[in-house]
>>> print(open('structure.pdb').read())   # PDB, C-alpha atoms
ATOM      1  CA  MET A 428       1.249 -25.316 -18.649
ATOM      2  CA  ASP A 429      -0.738 -23.173 -21.094
ATOM      3  CA  LYS A 430      -1.213 -19.451 -20.784
ATOM      4  CA  LEU A 431      -4.782 -18.577 -19.796
ATOM      5  CA  SER A 432      -6.950 -16.583 -22.205
ATOM      6  CA  ASP A 433      -8.113 -13.091 -21.190
ATOM      7  CA  GLU A 434     -11.579 -14.547 -20.683
ATOM      8  CA  ALA A 435     -10.260 -17.302 -18.387
ATOM      9  CA  ILE A 436      -8.228 -14.760 -16.387
ATOM     10  CA  LYS A 437     -11.359 -12.641 -15.881
ATOM     11  CA  GLU A 438     -13.240 -15.667 -14.553
ATOM     12  CA  LYS A 439     -10.407 -16.640 -12.218
ATOM     13  CA  LEU A 440     -10.134 -13.081 -10.898
ATOM     14  CA  ALA A 441     -13.878 -13.033 -10.186
ATOM     15  CA  GLU A 442     -13.333 -16.171  -8.063
ATOM     16  CA  HIS A 443     -10.347 -14.553  -6.258
ATOM     17  CA  PRO A 444     -11.468 -11.000  -5.437
ATOM     18  CA  ASP A 445      -8.460 -10.364  -3.154
ATOM     19  CA  TRP A 446      -6.143 -10.731  -6.146
ATOM     20  CA  LYS A 447      -5.633  -8.015  -8.735
ATOM     21  CA  LEU A 448      -4.228  -8.138 -12.244
ATOM     22  CA  VAL A 449      -1.002  -6.083 -12.517
ATOM     23  CA  ASP A 450       0.718  -5.143 -15.800
ATOM     24  CA  GLY A 451      -1.357  -7.703 -17.698
ATOM     25  CA  LYS A 452       0.730 -10.718 -16.738
ATOM     26  CA  TRP A 453       0.924 -10.763 -12.935
ATOM     27  CA  ILE A 454      -1.614 -11.276 -10.156
ATOM     28  CA  GLN A 455      -0.921  -9.539  -6.862
ATOM     29  CA  ARG A 456      -2.263  -9.586  -3.316
ATOM     30  CA  LYS A 457      -1.258  -7.580  -0.243
ATOM     31  CA  TYR A 458      -1.419  -9.294   3.141
ATOM     32  CA  ARG A 459      -1.487  -7.267   6.340
ATOM     33  CA  PHE A 460      -0.170  -8.383   9.767
ATOM     34  CA  LYS A 461      -0.438  -6.917  13.270
ATOM     35  CA  ASP A 462       2.995  -8.179  14.169
ATOM     36  CA  TYR A 463       6.075  -7.726  11.964
ATOM     37  CA  LEU A 464       7.558 -11.153  12.733
ATOM     38  CA  ASN A 465       4.278 -12.924  11.952
ATOM     39  CA  GLY A 466       4.506 -11.379   8.496
ATOM     40  CA  ILE A 467       8.063 -12.724   8.203
ATOM     41  CA  GLU A 468       6.870 -16.187   9.276
ATOM     42  CA  PHE A 469       4.265 -15.994   6.497
ATOM     43  CA  VAL A 470       6.992 -15.107   3.962
ATOM     44  CA  GLN A 471       8.983 -18.125   5.093
ATOM     45  CA  LYS A 472       6.002 -20.458   4.614
ATOM     46  CA  VAL A 473       5.218 -18.967   1.213
ATOM     47  CA  ALA A 474       8.875 -19.445   0.219
ATOM     48  CA  GLN A 475       8.999 -23.080   1.386
ATOM     49  CA  LEU A 476       5.851 -23.897  -0.564
ATOM     50  CA  SER A 477       7.133 -22.033  -3.637
ATOM     51  CA  GLU A 478      10.396 -23.947  -3.560
ATOM     52  CA  LYS A 479       8.500 -27.242  -3.298
ATOM     53  CA  MET A 480       6.314 -26.290  -6.276
ATOM     54  CA  ASN A 481       9.319 -24.820  -8.114
ATOM     55  CA  HIS A 482       7.298 -21.692  -8.841
ATOM     56  CA  HIS A 483       8.539 -18.561  -7.086
ATOM     57  CA  PRO A 484       6.571 -15.374  -6.607
ATOM     58  CA  PHE A 485       7.995 -11.864  -6.218
ATOM     59  CA  ILE A 486       7.646 -10.919  -2.532
ATOM     60  CA  SER A 487       8.027  -7.503  -0.934
ATOM     61  CA  ILE A 488       8.070  -6.689   2.776
ATOM     62  CA  ASP A 489       7.049  -3.147   3.663
ATOM     63  CA  TYR A 490       6.992  -3.418   7.459
ATOM     64  CA  LYS A 491       3.698  -5.211   8.300
ATOM     65  CA  LEU A 492       2.450  -5.271   4.731
ATOM     66  CA  ILE A 493       3.541  -8.214   2.581
ATOM     67  CA  SER A 494       2.913  -8.098  -1.137
ATOM     68  CA  ILE A 495       2.990 -11.201  -3.341
ATOM     69  CA  LYS A 496       3.053 -11.057  -7.116
ATOM     70  CA  ILE A 497       3.080 -14.139  -9.316
ATOM     71  CA  THR A 498       3.309 -15.043 -12.990
ATOM     72  CA  SER A 499       4.494 -17.985 -15.133
ATOM     73  CA  TRP A 500       7.698 -17.016 -16.913
ATOM     74  CA  ARG A 501       7.725 -19.973 -19.279
ATOM     75  CA  ALA A 502       4.178 -19.338 -20.465
ATOM     76  CA  ARG A 503       4.879 -15.577 -20.668
ATOM     77  CA  GLY A 504       1.724 -14.862 -18.735
ATOM     78  CA  LEU A 505      -0.716 -16.305 -16.215
ATOM     79  CA  THR A 506      -1.503 -20.013 -15.998
ATOM     80  CA  ALA A 507      -3.828 -22.088 -13.819
ATOM     81  CA  LEU A 508      -0.807 -22.813 -11.576
ATOM     82  CA  ASP A 509      -0.578 -19.134 -10.581
ATOM     83  CA  PHE A 510      -4.141 -19.213  -9.292
ATOM     84  CA  THR A 511      -3.561 -22.558  -7.555
ATOM     85  CA  LEU A 512      -0.601 -21.034  -5.728
ATOM     86  CA  ALA A 513      -2.582 -17.873  -4.935
ATOM     87  CA  GLU A 514      -5.135 -20.110  -3.181
ATOM     88  CA  LYS A 515      -2.405 -21.906  -1.256
ATOM     89  CA  TYR A 516      -0.892 -18.588  -0.106
ATOM     90  CA  ASP A 517      -4.359 -17.429   1.015
ATOM     91  CA  GLU A 518      -4.716 -20.644   2.976
ATOM     92  CA  LEU A 519      -1.318 -20.122   4.670
ATOM     93  CA  TYR A 520      -2.436 -16.591   5.557
ATOM     94  CA  LEU A 521      -5.665 -17.896   7.115
ATOM     95  CA  HIS A 522      -3.706 -20.153   9.458
ATOM     96  CA  ILE A 523      -1.103 -17.670  10.612
ATOM     97  CA  LYS A 524      -1.415 -15.419  13.660
ATOM     98  CA  LYS A 525      -2.204 -11.901  12.494
TER      99      LYS A 525
ATOM    100  CA  MET B1282      18.879  10.712  15.557
ATOM    101  CA  ASP B1283      19.852  13.578  13.241
ATOM    102  CA  LYS B1284      19.592  13.457   9.483
ATOM    103  CA  LEU B1285      23.026  13.271   7.846
ATOM    104  CA  SER B1286      24.214  16.133   5.640
ATOM    105  CA  ASP B1287      24.792  15.497   1.936
ATOM    106  CA  GLU B1288      28.521  15.678   2.633
ATOM    107  CA  ALA B1289      28.294  13.077   5.415
ATOM    108  CA  ILE B1290      26.205  10.772   3.195
ATOM    109  CA  LYS B1291      28.879  11.000   0.465
ATOM    110  CA  GLU B1292      31.564   9.993   2.953
ATOM    111  CA  LYS B1293      29.509   7.091   4.302
ATOM    112  CA  LEU B1294      28.762   5.850   0.773
ATOM    113  CA  ALA B1295      32.473   5.919  -0.057
ATOM    114  CA  GLU B1296      33.029   3.643   2.961
ATOM    115  CA  HIS B1297      30.191   1.307   1.856
ATOM    116  CA  PRO B1298      30.684   0.837  -1.899
ATOM    117  CA  ASP B1299      28.114  -1.999  -2.095
ATOM    118  CA  TRP B1300      25.378   0.435  -1.066
ATOM    119  CA  LYS B1301      23.815   2.936  -3.438
ATOM    120  CA  LEU B1302      21.812   6.076  -2.779
ATOM    121  CA  VAL B1303      18.243   5.745  -4.125
ATOM    122  CA  ASP B1304      15.753   8.634  -4.460
ATOM    123  CA  GLY B1305      17.927  10.840  -2.251
ATOM    124  CA  LYS B1306      16.726   9.367   1.040
ATOM    125  CA  TRP B1307      17.286   5.618   0.847
ATOM    126  CA  ILE B1308      20.362   3.398   0.643
ATOM    127  CA  GLN B1309      20.004   0.096  -1.147
ATOM    128  CA  ARG B1310      21.974  -3.095  -1.634
ATOM    129  CA  LYS B1311      21.199  -6.254  -3.601
ATOM    130  CA  TYR B1312      22.380  -9.590  -2.196
ATOM    131  CA  ARG B1313      22.655 -12.645  -4.421
ATOM    132  CA  PHE B1314      22.301 -16.294  -3.321
ATOM    133  CA  LYS B1315      22.939 -19.606  -5.058
ATOM    134  CA  ASP B1316      20.094 -21.245  -3.200
ATOM    135  CA  TYR B1317      16.612 -19.718  -2.882
ATOM    136  CA  LEU B1318      16.047 -20.892   0.704
ATOM    137  CA  ASN B1319      19.399 -19.492   1.847
ATOM    138  CA  GLY B1320      18.188 -16.109   0.634
ATOM    139  CA  ILE B1321      14.995 -16.595   2.647
ATOM    140  CA  GLU B1322      17.054 -17.497   5.732
ATOM    141  CA  PHE B1323      18.981 -14.236   5.233
ATOM    142  CA  VAL B1324      15.677 -12.301   5.079
ATOM    143  CA  GLN B1325      14.617 -13.910   8.342
ATOM    144  CA  LYS B1326      17.859 -12.891  10.071
ATOM    145  CA  VAL B1327      17.643  -9.354   8.696
ATOM    146  CA  ALA B1328      14.045  -9.154   9.956
ATOM    147  CA  GLN B1329      14.900 -10.424  13.449
ATOM    148  CA  LEU B1330      17.703  -7.888  13.773
ATOM    149  CA  SER B1331      15.492  -5.102  12.412
ATOM    150  CA  GLU B1332      12.775  -5.901  14.929
ATOM    151  CA  LYS B1333      15.325  -5.855  17.765
ATOM    152  CA  MET B1334      16.642  -2.461  16.604
ATOM    153  CA  ASN B1335      13.084  -1.249  15.878
ATOM    154  CA  HIS B1336      14.234  -0.044  12.485
ATOM    155  CA  HIS B1337      12.738  -1.910   9.539
ATOM    156  CA  PRO B1338      14.069  -1.879   5.990
ATOM    157  CA  PHE B1339      12.046  -2.447   2.842
ATOM    158  CA  ILE B1340      12.895  -5.958   1.576
ATOM    159  CA  SER B1341      12.143  -7.503  -1.800
ATOM    160  CA  ILE B1342      12.666 -11.107  -2.853
ATOM    161  CA  ASP B1343      13.094 -11.656  -6.570
ATOM    162  CA  TYR B1344      13.936 -15.383  -6.603
ATOM    163  CA  LYS B1345      17.638 -15.567  -5.536
ATOM    164  CA  LEU B1346      18.149 -11.821  -5.485
ATOM    165  CA  ILE B1347      17.289 -10.035  -2.236
ATOM    166  CA  SER B1348      17.123  -6.264  -2.215
ATOM    167  CA  ILE B1349      17.283  -4.220   0.994
ATOM    168  CA  LYS B1350      16.432  -0.527   1.139
ATOM    169  CA  ILE B1351      16.613   1.526   4.314
ATOM    170  CA  THR B1352      15.860   5.058   5.514
ATOM    171  CA  SER B1353      14.932   6.818   8.766
ATOM    172  CA  TRP B1354      11.301   7.929   8.583
ATOM    173  CA  ARG B1355      11.419  10.159  11.648
ATOM    174  CA  ALA B1356      14.472  12.061  10.407
ATOM    175  CA  ARG B1357      12.976  12.210   6.885
ATOM    176  CA  GLY B1358      16.228  10.998   5.422
ATOM    177  CA  LEU B1359      19.358   8.999   6.178
ATOM    178  CA  THR B1360      20.931   8.829   9.630
ATOM    179  CA  ALA B1361      24.014   7.114  11.035
ATOM    180  CA  LEU B1362      21.708   4.294  12.189
ATOM    181  CA  ASP B1363      20.919   3.385   8.564
ATOM    182  CA  PHE B1364      24.607   2.851   7.846
ATOM    183  CA  THR B1365      25.079   0.928  11.101
ATOM    184  CA  LEU B1366      22.292  -1.432  10.069
ATOM    185  CA  ALA B1367      23.694  -1.692   6.532
ATOM    186  CA  GLU B1368      26.938  -2.958   8.096
ATOM    187  CA  LYS B1369      25.076  -5.452  10.243
ATOM    188  CA  TYR B1370      23.167  -6.787   7.217
ATOM    189  CA  ASP B1371      26.462  -7.138   5.319
ATOM    190  CA  GLU B1372      27.846  -9.092   8.262
ATOM    191  CA  LEU B1373      24.822 -11.421   8.291
ATOM    192  CA  TYR B1374      25.346 -11.969   4.554
ATOM    193  CA  LEU B1375      29.009 -12.846   5.089
ATOM    194  CA  HIS B1376      28.065 -15.608   7.507
ATOM    195  CA  ILE B1377      25.287 -17.209   5.511
ATOM    196  CA  LYS B1378      25.711 -20.054   3.039
ATOM    197  CA  LYS B1379      25.532 -18.631  -0.478
TER     198      LYS B1379
END
>>> encode(input="structure.pdb", output="structure tokens")
Amino acid sequence: MDKLSDEAIKEKLAEHPDWKLVDGKWIQRKYRFKDYLNGIEFVQKVAQLSEKMNHHPFISIDYKLISIKITSWRARGLTALDFTLAEKYDELYLHIKK
Amino acid sequence: MDKLSDEAIKEKLAEHPDWKLVDGKWIQRKYRFKDYLNGIEFVQKVAQLSEKMNHHPFISIDYKLISIKITSWRARGLTALDFTLAEKYDELYLHIKK
């Protein structure tokens, strides 16, 4: 999958205001939970989906705050797949108890 | 629980050579897995134990490399509880498929 141009990344970010560009080649979102174990359940769902898509984000768990950061290693930057996965993670978040 | 002295931390670290002191007030260990979802299962077990003990480490998931970092916020540094949990995490790791 091709690396997106700076212009295309700007457009995608405008469509996904919860996601931020980090270090030029990652997009990141932080998800907050009221209950620690609900956050862990979210991580598990994100991981299962990532394994299925064979595209794994960097995940950090800081108590009830889960941070997800994604890039496409092969393309050495962001691709459309990163934004597709970002949307899928957002959807998982919508359907989890918070 | 009381904050450990520098001397006591040195002794504890000598007993736990897989753990490293980070930024003076954390201990950290990286756990490697052959299978991504086994690493995720480990994170889930660590989280369940942490919730039970009401003492939550910082966890990061970088594909098959899981990093765990722990400190005692109330004591503003490391306590015996941090090393007790480190041992319990090591035990969970021993019993998981890698």
>>> interface_residues(input="structure.pdb", of="chain B", to="chain A", cutoff="7 Å", atoms="all atoms listed in the file", output="list in words")
Ile1321, Gln1325, His1337, Phe1339, Ile1340, Ser1341, Ile1342, Asp1343 and Tyr1344 of chain B
>>> write_last_selection(input="structure.pdb", atoms="C-alpha atoms", output="PDB file, keeping the file's coordinate frame")
ATOM      1  CA  ILE B1321      14.995 -16.595   2.647  1.00  0.00           C
ATOM      2  CA  GLN B1325      14.617 -13.910   8.342  1.00  0.00           C
ATOM      3  CA  HIS B1337      12.738  -1.910   9.539  1.00  0.00           C
ATOM      4  CA  PHE B1339      12.046  -2.447   2.842  1.00  0.00           C
ATOM      5  CA  ILE B1340      12.895  -5.958   1.576  1.00  0.00           C
ATOM      6  CA  SER B1341      12.143  -7.503  -1.800  1.00  0.00           C
ATOM      7  CA  ILE B1342      12.666 -11.107  -2.853  1.00  0.00           C
ATOM      8  CA  ASP B1343      13.094 -11.656  -6.570  1.00  0.00           C
ATOM      9  CA  TYR B1344      13.936 -15.383  -6.603  1.00  0.00           C
TER      10      TYR B1344
END
>>> resolve_selection(input="structure.pdb", expression="the PyMOL selection byres ((chain A and resi 510) around 9)", output="list in words")
Lys439, Leu440, His443, Ile454, Ile497, Leu505, Thr506, Ala507, Leu508, Asp509, Thr511, Leu512, Ala513, Glu514 and Lys515 of chain A
>>> calpha_fit_and_write(input="structure.pdb", fixed="chain A", moving="chain B", output="mmCIF file with C-alpha atoms, in the frame of the given file")
data_model
loop_
_atom_site.group_PDB
_atom_site.id
_atom_site.type_symbol
_atom_site.label_atom_id
_atom_site.label_comp_id
_atom_site.auth_asym_id
_atom_site.auth_seq_id
_atom_site.Cartn_x
_atom_site.Cartn_y
_atom_site.Cartn_z
ATOM 1 C CA MET B 1282 1.238 -25.331 -18.657
ATOM 2 C CA ASP B 1283 -0.743 -23.183 -21.103
ATOM 3 C CA LYS B 1284 -1.209 -19.458 -20.768
ATOM 4 C CA LEU B 1285 -4.784 -18.575 -19.795
ATOM 5 C CA SER B 1286 -6.949 -16.579 -22.204
ATOM 6 C CA ASP B 1287 -8.101 -13.096 -21.204
ATOM 7 C CA GLU B 1288 -11.575 -14.546 -20.699
ATOM 8 C CA ALA B 1289 -10.272 -17.296 -18.398
ATOM 9 C CA ILE B 1290 -8.230 -14.761 -16.396
ATOM 10 C CA LYS B 1291 -11.378 -12.639 -15.899
ATOM 11 C CA GLU B 1292 -13.253 -15.659 -14.565
ATOM 12 C CA LYS B 1293 -10.418 -16.638 -12.227
ATOM 13 C CA LEU B 1294 -10.141 -13.069 -10.908
ATOM 14 C CA ALA B 1295 -13.875 -13.025 -10.188
ATOM 15 C CA GLU B 1296 -13.343 -16.159 -8.068
ATOM 16 C CA HIS B 1297 -10.358 -14.559 -6.262
ATOM 17 C CA PRO B 1298 -11.473 -11.003 -5.438
ATOM 18 C CA ASP B 1299 -8.462 -10.363 -3.155
ATOM 19 C CA TRP B 1300 -6.141 -10.729 -6.145
ATOM 20 C CA LYS B 1301 -5.627 -8.012 -8.729
ATOM 21 C CA LEU B 1302 -4.227 -8.147 -12.240
ATOM 22 C CA VAL B 1303 -1.003 -6.101 -12.520
ATOM 23 C CA ASP B 1304 0.720 -5.171 -15.811
ATOM 24 C CA GLY B 1305 -1.384 -7.717 -17.699
ATOM 25 C CA LYS B 1306 0.720 -10.729 -16.729
ATOM 26 C CA TRP B 1307 0.920 -10.768 -12.939
ATOM 27 C CA ILE B 1308 -1.609 -11.272 -10.149
ATOM 28 C CA GLN B 1309 -0.936 -9.546 -6.863
ATOM 29 C CA ARG B 1310 -2.261 -9.573 -3.321
ATOM 30 C CA LYS B 1311 -1.252 -7.583 -0.243
ATOM 31 C CA TYR B 1312 -1.418 -9.300 3.151
ATOM 32 C CA ARG B 1313 -1.488 -7.272 6.351
ATOM 33 C CA PHE B 1314 -0.178 -8.383 9.772
ATOM 34 C CA LYS B 1315 -0.447 -6.915 13.260
ATOM 35 C CA ASP B 1316 2.984 -8.190 14.172
ATOM 36 C CA TYR B 1317 6.068 -7.734 11.972
ATOM 37 C CA LEU B 1318 7.559 -11.158 12.754
ATOM 38 C CA ASN B 1319 4.282 -12.929 11.961
ATOM 39 C CA GLY B 1320 4.505 -11.392 8.502
ATOM 40 C CA ILE B 1321 8.062 -12.712 8.207
ATOM 41 C CA GLU B 1322 6.883 -16.182 9.273
ATOM 42 C CA PHE B 1323 4.264 -15.997 6.497
ATOM 43 C CA VAL B 1324 7.000 -15.104 3.968
ATOM 44 C CA GLN B 1325 8.991 -18.123 5.100
ATOM 45 C CA LYS B 1326 6.014 -20.455 4.617
ATOM 46 C CA VAL B 1327 5.219 -18.961 1.214
ATOM 47 C CA ALA B 1328 8.874 -19.441 0.222
ATOM 48 C CA GLN B 1329 9.005 -23.072 1.383
ATOM 49 C CA LEU B 1330 5.859 -23.894 -0.570
ATOM 50 C CA SER B 1331 7.133 -22.022 -3.632
ATOM 51 C CA GLU B 1332 10.398 -23.944 -3.563
ATOM 52 C CA LYS B 1333 8.504 -27.244 -3.310
ATOM 53 C CA MET B 1334 6.311 -26.281 -6.288
ATOM 54 C CA ASN B 1335 9.328 -24.798 -8.120
ATOM 55 C CA HIS B 1336 7.308 -21.683 -8.830
ATOM 56 C CA HIS B 1337 8.547 -18.547 -7.089
ATOM 57 C CA PRO B 1338 6.566 -15.352 -6.605
ATOM 58 C CA PHE B 1339 8.002 -11.871 -6.222
ATOM 59 C CA ILE B 1340 7.665 -10.914 -2.532
ATOM 60 C CA SER B 1341 8.040 -7.502 -0.928
ATOM 61 C CA ILE B 1342 8.076 -6.688 2.775
ATOM 62 C CA ASP B 1343 7.047 -3.159 3.661
ATOM 63 C CA TYR B 1344 7.004 -3.412 7.473
ATOM 64 C CA LYS B 1345 3.704 -5.228 8.304
ATOM 65 C CA LEU B 1346 2.450 -5.273 4.737
ATOM 66 C CA ILE B 1347 3.545 -8.219 2.590
ATOM 67 C CA SER B 1348 2.929 -8.093 -1.132
ATOM 68 C CA ILE B 1349 2.985 -11.203 -3.329
ATOM 69 C CA LYS B 1350 3.066 -11.059 -7.118
ATOM 70 C CA ILE B 1351 3.094 -14.140 -9.316
ATOM 71 C CA THR B 1352 3.322 -15.052 -13.004
ATOM 72 C CA SER B 1353 4.488 -17.987 -15.139
ATOM 73 C CA TRP B 1354 7.702 -17.022 -16.925
ATOM 74 C CA ARG B 1355 7.732 -19.978 -19.301
ATOM 75 C CA ALA B 1356 4.168 -19.341 -20.474
ATOM 76 C CA ARG B 1357 4.877 -15.582 -20.662
ATOM 77 C CA GLY B 1358 1.723 -14.862 -18.734
ATOM 78 C CA LEU B 1359 -0.714 -16.310 -16.219
ATOM 79 C CA THR B 1360 -1.507 -20.017 -15.990
ATOM 80 C CA ALA B 1361 -3.830 -22.081 -13.808
ATOM 81 C CA LEU B 1362 -0.810 -22.815 -11.585
ATOM 82 C CA ASP B 1363 -0.580 -19.133 -10.592
ATOM 83 C CA PHE B 1364 -4.145 -19.212 -9.295
ATOM 84 C CA THR B 1365 -3.559 -22.550 -7.554
ATOM 85 C CA LEU B 1366 -0.604 -21.033 -5.719
ATOM 86 C CA ALA B 1367 -2.590 -17.873 -4.938
ATOM 87 C CA GLU B 1368 -5.129 -20.112 -3.174
ATOM 88 C CA LYS B 1369 -2.406 -21.900 -1.254
ATOM 89 C CA TYR B 1370 -0.897 -18.584 -0.107
ATOM 90 C CA ASP B 1371 -4.356 -17.422 1.018
ATOM 91 C CA GLU B 1372 -4.699 -20.645 2.991
ATOM 92 C CA LEU B 1373 -1.314 -20.115 4.673
ATOM 93 C CA TYR B 1374 -2.439 -16.586 5.578
ATOM 94 C CA LEU B 1375 -5.663 -17.895 7.117
ATOM 95 C CA HIS B 1376 -3.711 -20.146 9.460
ATOM 96 C CA ILE B 1377 -1.111 -17.665 10.623
ATOM 97 C CA LYS B 1378 -1.416 -15.420 13.665
ATOM 98 C CA LYS B 1379 -2.231 -11.902 12.489
#
>>> atom_distance(input="structure.pdb", atom1="CA of Tyr458 in chain A", atom2="CA of Tyr516 in chain A")
9.9 Å
>>> atom_distance(input="structure.pdb", atom1="CA of His522 in chain A", atom2="CA of Lys447 in chain A")
22.0 Å
>>> atom_distance(input="structure.pdb", atom1="CA of Ala1356 in chain B", atom2="CA of Tyr1374 in chain B")
27.0 Å
>>> closest_residue(input="structure.pdb", among="B:Gly1358, B:Glu1372, B:Ile1377, B:Lys1315", to="Ile1290 in chain B", atoms="all atoms listed in the file")
B:Gly1358
>>> resolve_selection(input="structure.pdb", expression="the PyMOL selection byres ((chain A and resi 452) around 8)", output="count of residues only")
10
>>> axis_aligned_box(input="structure.pdb", around="range 492-509 of chain A", padding_each_side="8 Å", output="lines of an AutoDock Vina configuration file")
center_x = 1.9
center_y = -14.0
center_z = -8.0
size_x = 27.6
size_y = 33.5
size_z = 41.4
>>> closest_residue(input="structure.pdb", among="B:Lys1378, B:Lys1350, B:Arg1355, B:Lys1291", to="Phe1314 in chain B", atoms="all atoms listed in the file")
B:Lys1378
